[in-house]
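Shown next: protein.txt, containing compact mmCIF, C-alpha atoms.
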```txt
# COMPACT_ATOMS: atom_id res chain seq x y z
CA MET A 1 -39.71 -4.68 -18.46
CA VAL A 2 -36.71 -6.76 -19.52
CA ALA A 3 -34.40 -3.76 -19.40
CA ARG A 4 -35.58 -2.90 -15.89
CA THR A 5 -34.97 -6.48 -14.71
CA ILE A 6 -31.45 -6.46 -16.13
CA SER A 7 -30.60 -3.07 -14.61
CA THR A 8 -31.60 -4.22 -11.11
CA THR A 9 -30.50 -7.86 -11.17
CA VAL A 10 -27.01 -7.44 -12.63
CA PRO A 11 -25.77 -4.88 -10.06
CA ARG A 12 -27.16 -7.01 -7.22
CA ARG A 13 -25.38 -10.10 -8.49
CA ALA A 14 -22.21 -8.09 -9.06
CA ARG A 15 -22.41 -6.60 -5.58
CA GLY A 16 -22.72 -10.08 -4.08
CA ALA A 17 -19.75 -11.21 -6.17
CA VAL A 18 -17.49 -8.31 -5.23
CA THR A 19 -18.51 -8.62 -1.56
CA SER A 20 -17.45 -12.28 -1.79
CA ALA A 21 -14.16 -11.24 -3.40
CA PHE A 22 -13.34 -8.95 -0.47
CA ALA A 23 -14.25 -11.71 1.99
CA VAL A 24 -12.10 -14.22 0.09
CA HIS A 25 -9.18 -11.77 0.18
CA GLY A 26 -9.55 -11.58 3.96
CA LEU A 27 -9.74 -15.37 4.24
CA ILE A 28 -6.53 -15.76 2.24
CA SER A 29 -4.65 -12.99 4.06
CA ALA A 30 -5.17 -14.47 7.52
CA ALA A 31 -5.20 -18.19 6.69
CA TRP A 32 -1.57 -18.87 7.55
CA LEU A 33 -0.97 -16.28 10.27
CA PRO A 34 -1.94 -18.48 13.26
CA ARG A 35 0.47 -21.18 12.00
CA ILE A 36 3.54 -18.93 11.79
CA PRO A 37 5.09 -20.33 15.03
CA GLN A 38 4.82 -23.92 13.71
CA ILE A 39 6.25 -22.97 10.31
CA LYS A 40 9.18 -21.18 11.96
CA GLU A 41 9.84 -24.14 14.25
CA HIS A 42 9.63 -26.66 11.39
CA LEU A 43 12.24 -24.77 9.36
CA GLY A 44 14.49 -24.22 12.37
CA LEU A 45 14.97 -20.52 11.64
CA GLY A 46 16.02 -17.90 14.16
CA ALA A 47 13.93 -14.80 14.74
CA GLY A 48 16.18 -12.56 12.62
CA VAL A 49 16.34 -14.88 9.62
CA PHE A 50 12.65 -15.64 9.79
CA GLY A 51 11.94 -11.90 9.94
CA VAL A 52 13.85 -11.49 6.68
CA ALA A 53 11.72 -14.22 5.10
CA LEU A 54 8.53 -12.50 6.24
CA LEU A 55 9.54 -9.47 4.16
CA GLY A 56 8.72 -11.58 1.09
CA ALA A 57 4.98 -10.96 1.30
CA PRO A 58 5.14 -7.15 1.61
CA LEU A 59 7.78 -6.98 -1.13
CA GLY A 60 5.49 -8.99 -3.39
CA VAL A 61 2.60 -6.66 -2.61
CA ALA A 62 4.70 -3.54 -3.24
CA CYS A 63 5.82 -4.80 -6.65
CA ALA A 64 2.38 -6.04 -7.69
CA VAL A 65 0.39 -2.90 -6.92
CA ARG A 66 2.65 -0.93 -9.28
CA ALA A 67 1.74 -3.28 -12.14
CA ALA A 68 -1.89 -3.79 -11.18
CA GLY A 69 -3.20 -0.83 -13.17
CA TRP A 70 -1.65 -2.19 -16.36
CA CYS A 71 -2.95 -5.71 -15.69
CA VAL A 72 -6.51 -4.50 -15.12
CA ALA A 73 -6.35 -2.30 -18.22
CA ARG A 74 -5.13 -5.31 -20.22
CA TRP A 75 -7.48 -8.02 -18.96
CA GLY A 76 -10.17 -6.30 -16.86
CA SER A 77 -10.66 -6.37 -13.11
CA ARG A 78 -12.90 -9.47 -13.21
CA ALA A 79 -10.20 -11.58 -14.87
CA VAL A 80 -7.50 -10.27 -12.52
CA VAL A 81 -9.62 -10.93 -9.43
CA LEU A 82 -10.28 -14.52 -10.51
CA GLY A 83 -6.75 -15.18 -11.80
CA ALA A 84 -4.78 -13.54 -9.00
CA GLY A 85 -7.28 -14.84 -6.44
CA SER A 86 -6.74 -18.41 -7.67
CA VAL A 87 -2.97 -18.10 -7.24
CA ALA A 88 -3.37 -16.41 -3.85
CA SER A 89 -5.75 -19.16 -2.68
CA VAL A 90 -3.11 -21.82 -3.30
CA ALA A 91 -0.20 -19.77 -1.94
CA PRO A 92 -0.77 -20.57 1.78
CA PHE A 93 -0.44 -24.28 0.98
CA LEU A 94 2.82 -23.56 -0.86
CA VAL A 95 4.06 -21.72 2.21
CA ALA A 96 3.28 -24.81 4.31
CA LEU A 97 5.27 -27.00 1.90
CA SER A 98 8.40 -24.82 2.08
CA GLY A 99 11.37 -26.90 3.14
CA ASN A 100 13.98 -24.17 3.50
CA LEU A 101 14.43 -20.42 3.66
CA GLY A 102 14.68 -19.95 -0.11
CA TRP A 103 11.41 -21.76 -0.85
CA LEU A 104 9.66 -19.92 1.97
CA LEU A 105 10.79 -16.55 0.64
CA ALA A 106 9.68 -17.47 -2.89
CA ALA A 107 6.29 -18.70 -1.67
CA LEU A 108 5.72 -15.51 0.32
CA LEU A 109 6.73 -13.34 -2.65
CA LEU A 110 4.13 -15.14 -4.76
CA PHE A 111 1.63 -14.87 -1.91
CA GLY A 112 2.10 -11.11 -1.57
CA ALA A 113 2.15 -10.39 -5.30
CA SER A 114 -1.06 -12.27 -6.00
CA LEU A 115 -2.80 -10.63 -3.02
CA GLY A 116 -1.62 -7.19 -4.18
CA LEU A 117 -2.99 -7.72 -7.70
CA MET A 118 -6.29 -9.00 -6.33
CA ASP A 119 -6.49 -6.07 -3.91
CA VAL A 120 -6.33 -3.39 -6.60
CA ALA A 121 -8.57 -5.32 -9.01
CA MET A 122 -11.34 -5.97 -6.47
CA ASN A 123 -11.31 -2.32 -5.39
CA ALA A 124 -11.62 -1.27 -9.05
CA GLN A 125 -14.51 -3.71 -9.40
CA GLY A 126 -16.04 -2.28 -6.23
CA VAL A 127 -15.87 1.25 -7.67
CA ALA A 128 -17.64 0.05 -10.85
CA VAL A 129 -20.41 -1.64 -8.83
CA GLU A 130 -20.72 1.41 -6.56
CA ARG A 131 -21.11 3.56 -9.66
CA ALA A 132 -23.95 1.33 -10.86
CA TYR A 133 -25.67 1.61 -7.47
CA ARG A 134 -25.20 5.40 -7.34
CA ARG A 135 -24.67 5.27 -3.57
CA PRO A 136 -21.77 4.35 -1.25
CA ILE A 137 -21.03 0.63 -0.83
CA MET A 138 -17.22 0.57 -0.52
CA SER A 139 -17.17 0.68 3.27
CA GLY A 140 -19.33 -2.44 3.47
CA LEU A 141 -17.04 -4.20 1.00
CA HIS A 142 -14.01 -3.49 3.18
CA GLY A 143 -16.05 -4.66 6.15
CA SER A 144 -16.53 -8.04 4.46
CA TYR A 145 -12.74 -8.26 4.13
CA SER A 146 -12.40 -7.71 7.88
CA VAL A 147 -15.02 -10.38 8.60
CA GLY A 148 -13.23 -12.85 6.31
CA ALA A 149 -9.87 -12.19 7.94
CA LEU A 150 -11.33 -12.62 11.42
CA ALA A 151 -13.06 -15.89 10.45
CA SER A 152 -9.88 -17.26 8.87
CA ALA A 153 -7.76 -16.31 11.88
CA LEU A 154 -10.20 -18.02 14.26
CA ALA A 155 -10.28 -21.16 12.10
CA GLY A 156 -6.48 -21.24 11.98
CA SER A 157 -6.23 -20.81 15.74
CA ALA A 158 -8.68 -23.69 16.23
CA ALA A 159 -6.63 -25.88 13.89
CA ALA A 160 -3.45 -25.01 15.76
CA GLN A 161 -5.12 -25.75 19.10
CA ALA A 162 -6.27 -29.13 17.77
CA ARG A 163 -2.71 -29.83 16.56
CA VAL A 164 -3.80 -30.32 12.95
CA PRO A 165 -0.63 -30.62 10.81
CA VAL A 166 0.15 -27.33 9.09
CA PRO A 167 0.22 -28.75 5.52
CA LEU A 168 -3.12 -30.50 6.03
CA HIS A 169 -4.75 -27.40 7.53
CA LEU A 170 -3.55 -25.07 4.78
CA ALA A 171 -4.31 -27.58 2.02
CA VAL A 172 -7.93 -27.75 3.18
CA ALA A 173 -8.06 -23.98 3.64
CA SER A 174 -6.68 -23.36 0.14
CA ALA A 175 -9.14 -25.80 -1.45
CA VAL A 176 -12.13 -24.30 0.37
CA ILE A 177 -11.13 -20.71 -0.45
CA LEU A 178 -10.55 -21.58 -4.12
CA CYS A 179 -14.01 -23.15 -4.33
CA LEU A 180 -15.57 -20.08 -2.68
CA LEU A 181 -13.79 -17.79 -5.14
CA TRP A 182 -15.06 -19.58 -8.25
CA THR A 183 -18.51 -20.25 -6.83
CA PHE A 184 -19.41 -16.75 -5.66
CA CYS A 185 -17.15 -14.33 -7.59
CA ARG A 186 -17.92 -15.27 -11.19
CA PRO A 187 -20.83 -12.74 -11.63
CA LEU A 188 -18.38 -9.80 -11.39
CA LEU A 189 -18.96 -7.01 -13.91
CA ASP A 190 -17.10 -7.25 -17.22
CA ARG A 191 -14.54 -4.66 -18.25
CA SER A 192 -17.05 -2.47 -20.13
CA ALA A 193 -18.40 -1.28 -16.77
CA GLU A 194 -14.97 -0.06 -15.59
CA VAL A 195 -14.67 2.93 -17.92
CA SER A 196 -14.80 6.25 -16.09
CA PRO A 197 -18.07 8.04 -16.83
CA VAL A 198 -16.32 11.35 -17.56
CA ALA A 199 -14.11 11.80 -20.60
CA SER A 200 -10.42 12.49 -20.19
CA GLY A 201 -9.57 16.14 -19.79
CA PRO A 202 -6.78 18.26 -21.27
CA PRO A 203 -3.15 17.80 -20.17
CA ARG A 204 -3.59 20.34 -17.37
CA SER A 205 -6.34 18.21 -15.79
CA VAL A 206 -4.06 15.18 -15.92
CA ARG A 207 -1.53 17.08 -13.84
CA THR A 208 -4.33 17.97 -11.44
CA HIS A 209 -5.27 14.32 -11.17
CA ARG A 210 -1.70 13.40 -10.32
CA ALA A 211 -1.73 15.92 -7.51
CA ALA A 212 -5.11 14.66 -6.31
CA LEU A 213 -3.90 11.04 -6.37
CA PHE A 214 -0.86 12.03 -4.34
CA VAL A 215 -2.98 13.72 -1.66
CA LEU A 216 -5.34 10.72 -1.56
CA GLY A 217 -2.29 8.48 -1.23
CA VAL A 218 -1.02 10.57 1.69
CA ILE A 219 -4.42 10.19 3.40
CA ALA A 220 -4.21 6.41 2.93
CA LEU A 221 -0.60 6.40 4.19
CA CYS A 222 -1.59 8.31 7.34
CA SER A 223 -4.33 5.78 8.09
CA PHE A 224 -2.25 2.70 7.28
CA VAL A 225 0.64 3.82 9.49
CA GLY A 226 -1.81 3.79 12.39
CA GLU A 227 -3.28 0.42 11.42
CA GLY A 228 0.20 -1.10 11.25
CA ALA A 229 1.12 0.45 14.59
CA MET A 230 -1.97 -0.99 16.26
CA GLY A 231 -1.10 -4.45 14.96
CA ASP A 232 2.59 -4.38 15.82
CA TRP A 233 2.87 -2.16 18.91
CA SER A 234 -0.40 -2.06 20.87
CA ALA A 235 0.26 -5.36 22.67
CA VAL A 236 3.88 -4.38 23.35
CA TYR A 237 2.73 -1.07 24.83
CA LEU A 238 0.17 -2.71 27.09
CA ARG A 239 2.55 -5.47 28.20
CA GLU A 240 5.87 -3.69 28.61
CA THR A 241 4.94 -0.05 29.24
CA LEU A 242 1.75 -0.47 31.28
CA GLY A 243 2.58 -3.89 32.77
CA THR A 244 -0.55 -5.84 31.83
CA GLY A 245 -0.66 -9.62 31.68
CA PRO A 246 -0.11 -11.49 28.40
CA GLY A 247 -3.84 -12.11 27.94
CA ALA A 248 -4.84 -8.49 28.43
CA ALA A 249 -2.07 -7.28 26.13
CA GLY A 250 -3.95 -8.53 23.08
CA LEU A 251 -7.11 -6.60 23.92
CA GLY A 252 -5.78 -3.39 22.37
CA TYR A 253 -5.54 -4.76 18.85
CA ALA A 254 -8.69 -6.84 19.31
CA GLY A 255 -10.66 -3.71 20.23
CA CYS A 256 -9.21 -1.84 17.26
CA ALA A 257 -10.00 -4.66 14.81
CA VAL A 258 -13.57 -5.21 16.03
CA ALA A 259 -14.33 -1.47 16.04
CA MET A 260 -12.90 -1.10 12.53
CA THR A 261 -15.03 -3.99 11.26
CA LEU A 262 -18.22 -2.59 12.79
CA GLY A 263 -17.38 0.89 11.53
CA ARG A 264 -16.96 -0.37 7.98
CA VAL A 265 -20.15 -2.41 8.06
CA ALA A 266 -22.12 0.69 9.10
CA GLY A 267 -19.98 3.17 7.18
CA ASP A 268 -21.92 3.30 3.90
CA ARG A 269 -25.10 4.57 5.54
CA VAL A 270 -23.18 7.17 7.53
CA VAL A 271 -21.30 8.40 4.44
CA ALA A 272 -24.52 8.52 2.40
CA ARG A 273 -26.21 10.64 5.07
CA PHE A 274 -23.45 13.06 6.09
CA GLY A 275 -21.05 13.03 3.15
CA ALA A 276 -17.57 11.55 2.74
CA VAL A 277 -15.64 14.67 3.76
CA ALA A 278 -17.59 15.23 6.98
CA VAL A 279 -17.34 11.57 7.99
CA LEU A 280 -13.62 11.48 7.21
CA ARG A 281 -12.94 14.59 9.29
CA ALA A 282 -15.11 13.54 12.22
CA GLY A 283 -13.71 10.00 12.22
CA SER A 284 -10.09 11.11 12.07
CA LEU A 285 -10.66 13.52 14.95
CA VAL A 286 -12.25 10.71 16.98
CA ALA A 287 -9.19 8.57 16.20
CA ALA A 288 -6.71 11.30 17.14
CA LEU A 289 -8.43 12.47 20.31
CA GLY A 290 -9.35 8.95 21.46
CA LEU A 291 -5.87 7.50 21.01
CA GLY A 292 -4.17 10.63 22.35
CA ALA A 293 -6.27 10.66 25.51
CA GLY A 294 -5.79 6.91 26.00
CA LEU A 295 -2.02 7.26 25.80
CA LEU A 296 -1.85 10.28 28.11
CA ALA A 297 -3.92 8.50 30.77
CA ARG A 298 -1.28 5.74 31.00
CA HIS A 299 -3.83 3.22 32.26
CA PRO A 300 -4.59 -0.14 30.58
CA VAL A 301 -8.35 0.43 30.35
CA ALA A 302 -7.88 3.90 28.89
CA ALA A 303 -5.29 2.59 26.44
CA VAL A 304 -7.58 -0.20 25.19
CA ALA A 305 -10.38 2.36 24.81
CA GLY A 306 -8.00 4.61 22.86
CA PHE A 307 -6.96 1.82 20.49
CA THR A 308 -10.62 0.93 19.99
CA LEU A 309 -11.61 4.51 19.18
CA PHE A 310 -8.72 4.75 16.76
CA GLY A 311 -9.98 1.70 14.85
CA LEU A 312 -13.50 3.13 14.75
CA GLY A 313 -12.28 6.55 13.62
CA VAL A 314 -10.19 5.36 10.67
CA ALA A 315 -12.57 2.58 9.61
CA VAL A 316 -13.88 4.39 6.52
CA VAL A 317 -10.63 6.04 5.44
CA ALA A 318 -9.50 3.30 3.05
CA PRO A 319 -12.89 2.67 1.37
CA VAL A 320 -13.66 6.39 0.96
CA THR A 321 -10.16 7.14 -0.35
CA PHE A 322 -10.12 4.24 -2.81
CA SER A 323 -13.59 5.20 -4.03
CA ALA A 324 -12.44 8.76 -4.66
CA ALA A 325 -9.32 7.56 -6.52
CA GLY A 326 -11.42 5.22 -8.67
CA ASN A 327 -13.86 7.97 -9.65
CA LEU A 328 -11.41 10.58 -10.93
CA PRO A 329 -12.69 11.85 -14.31
CA GLY A 330 -10.93 10.21 -17.22
CA VAL A 331 -8.64 8.06 -15.04
CA PRO A 332 -9.13 4.26 -15.13
CA ALA A 333 -10.24 3.10 -11.69
CA ALA A 334 -7.43 0.56 -11.32
CA ALA A 335 -4.76 3.10 -12.31
CA GLY A 336 -5.93 5.57 -9.68
CA ILE A 337 -6.40 2.95 -6.99
CA SER A 338 -3.00 1.36 -7.65
CA ARG A 339 -1.19 4.67 -7.03
CA VAL A 340 -3.09 5.33 -3.82
CA THR A 341 -2.63 1.72 -2.68
CA ALA A 342 1.13 1.92 -3.26
CA LEU A 343 1.45 4.91 -0.93
CA GLY A 344 -0.92 3.31 1.57
CA TYR A 345 1.13 0.11 1.75
CA LEU A 346 4.28 2.20 2.19
CA GLY A 347 2.74 3.47 5.41
CA LEU A 348 1.51 0.03 6.47
CA LEU A 349 4.93 -1.57 5.98
CA GLY A 350 7.23 1.31 6.86
CA GLY A 351 5.27 2.92 9.68
CA PRO A 352 5.80 0.31 12.42
CA PRO A 353 9.62 0.25 12.02
CA VAL A 354 9.69 4.07 12.14
CA ILE A 355 7.64 4.02 15.34
CA GLY A 356 10.07 1.48 16.77
CA PHE A 357 12.99 3.75 15.90
CA VAL A 358 11.27 6.75 17.52
CA ALA A 359 10.47 4.64 20.59
CA GLU A 360 14.18 3.98 21.09
CA GLY A 361 14.68 7.68 21.72
CA VAL A 362 11.52 8.89 23.46
CA GLY A 363 9.71 5.75 24.62
CA LEU A 364 6.87 3.80 23.07
CA GLY A 365 4.12 5.87 24.68
CA TRP A 366 5.31 9.03 22.95
CA ALA A 367 6.17 7.19 19.73
CA LEU A 368 2.55 6.05 19.42
CA GLY A 369 1.72 9.73 19.22
CA VAL A 370 2.80 9.52 15.57
CA PRO A 371 -0.56 7.94 14.53
CA VAL A 372 -2.30 10.67 16.56
CA VAL A 373 -0.59 13.38 14.51
CA LEU A 374 -1.26 11.54 11.25
CA ALA A 375 -4.94 11.12 12.10
CA GLY A 376 -5.09 14.88 12.57
CA THR A 377 -3.45 15.25 9.16
CA ILE A 378 -6.29 13.23 7.62
CA ALA A 379 -8.77 15.75 9.04
CA VAL A 380 -6.83 18.57 7.37
CA LEU A 381 -6.63 16.81 3.98
CA ALA A 382 -10.13 15.31 3.97
CA GLY A 383 -11.40 17.88 1.47
CA ALA A 384 -9.32 16.14 -1.22
CA VAL A 385 -11.93 13.38 -1.32
CA SER A 386 -14.56 15.83 -2.56
CA SER A 387 -12.27 17.68 -4.96
CA ALA A 388 -11.08 14.38 -6.43
CA ARG A 389 -14.63 13.36 -7.28
CA ARG A 390 -15.26 16.72 -8.96
```
Kindly transcribe the structure held in the file into structure tokens.
Amino acid sequence: MVARTISTTVPRRARGAVTSAFAVHGLISAAWLPRIPQIKEHLGLGAGVFGVALLGAPLGVACAVRAAGWCVARWGSRAVVLGAGSVASVAPFLVALSGNLGWLLAALLLFGASLGLMDVAMNAQGVAVERAYRRPIMSGLHGSYSVGALASALAGSAAAQARVPVPLHLAVASAVILCLLWTFCRPLLDRSAEVSPVASGPPRSVRTHRAALFVLGVIALCSFVGEGAMGDWSAVYLRETLGTGPGAAGLGYAGCAVAMTLGRVAGDRVVARFGAVAVLRAGSLVAALGLGAGLLARHPVAAVAGFTLFGLGVAVVAPVTFSAAGNLPGVPAAAGISRVTALGYLGLLGGPPVIGFVAEGVGLGWALGVPVVLAGTIAVLAGAVSSARR
């Protein structure tokens, strides 16, 4: 009776904790974004110089995800989530306190690095909890991240509208997020639950795992290029290419973000019923055909519908891919996830500039066809999710 109580209660508590960790990550990520104009104005930086400073966060993420596997192996994902999450919670306040370009760059490097470490660790924890449940839960976890980011962005926008001073707003936000982290994330599983259930194979299987991780990373990269393009270029396309008003220009990314959130919230049940490979292929085809048709129609309503369908179609790509990387036989979850995450972030950070470069030659409408092609690539490579698990 006692054993049965432990086996059901601990995973439920751990699932609540890891769900909270994903939500906290979203809260941190978006906390300072609505206050970027005020921070830029306070420092008196031009657009070019400020753009260089903004590279601090992605550089921090890129460096951290490479070391995340070692950190989780050394201290366990629970400790890394709590430690890196604590630093990340305070980082937005440090950004608000920056008095010059150097301090801003340093604060954003710390911000990105701590978020990157927390990202890999919480996904490794999510894989361990999913393994205990014996059914898909990763999509819902990523959905909680999206909900947290949306809530934080709305709160920041309200603070900006009310003219709350940036340091005061981000000090309160950091304190609240830190309290949420330590209140709800402490029941995470300990490191004994993170060991892969299948023993390590011979050297040949290790080489196979490297190939599998690379393919999974390419799938993540293809999805993240599209996500970055929706965030950076959808409004520009609607405003400058299709001539919509400034208010309507934001509807493209809003539709994509809402559809992605809803798709992730419902994704676990869909994956459990139809299988990860089938859902990945069907979703990527919806993304490719929806966005492609929306762009070819060259009408604002069709374009917004296309961006929305793209968000819905790729919603489960990241959770399914990370779950597959974390369940490779004999490979520590964090080590697999960190490699896939590194390639994924390469697409998220490098994709939008590449699309901008292509747009210089052929126009933005045709350049946004790059995510269409990459979504089709996901459909071709989707079988790697199943082979990775085997």
| said: Can you pull out the residues contacting Pro34 (chain A)? Cut-off 8 Å, using only C-alpha atoms, and skip same-chain residues under 3 positions away; I want them as an MDAnalysis selection string. | reply: chainID A and resid 30:31 37 153 156:157 160
| field | Shell around Leu55 (chain A) at 9 Å using only C-alpha atoms, local window under 3 positions removed, as a ChimeraX atom specification | value | /A:50-52,58-60,105,108-109
| request: Please check which residues have atoms at most 9 Å from (-9.5, -5.5, 13.3) in the file's coordinates, counting all atoms listed in the file, and write them as a PyMOL selection string. | output: chain A and resi 146-147+149-150+227+231+253-261+311
| field | Straight-line distance linking CA of Glu130 (chain A) with CA of Arg15 (chain A), stated in Å to one decimal | value | 8.2 Å
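Counting from CA of Asn100 (chain A), the distance to CA of Val176 (chain A) is 26.3 Å.
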| said: Using Å and a single decimal, report how far CA of Val225 (chain A) sits from CA of Val90 (chain A). | reply: 28.9 Å
| Residue among A:Gly336, A:Pro92, A:Gly46, A:Gly306 lying closest to Arg66 (chain A), counting all atoms listed in the file | A:Gly336
| task | Name the residues in contact with Ile177 (chain A) at a cut-off of 8 Å, using all atoms listed in the file, excluding same-chain residues fewer than 4 positions from it; report them as number ranges by chain. | result | A: 24, 27-28, 89, 173, 181
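With all atoms listed in the file as the atoms that count, the minimum distance from Leu251 (chain A) to the choices A:Pro300, A:Gly356, A:Gly228, A:Gly85 is reached by A:Pro300.
The smallest atom-to-atom distance between Ala278 (chain A) and any of A:Val320, A:Ala303, A:Val265, A:Leu43, using only C-alpha atoms, is found for A:Val320.
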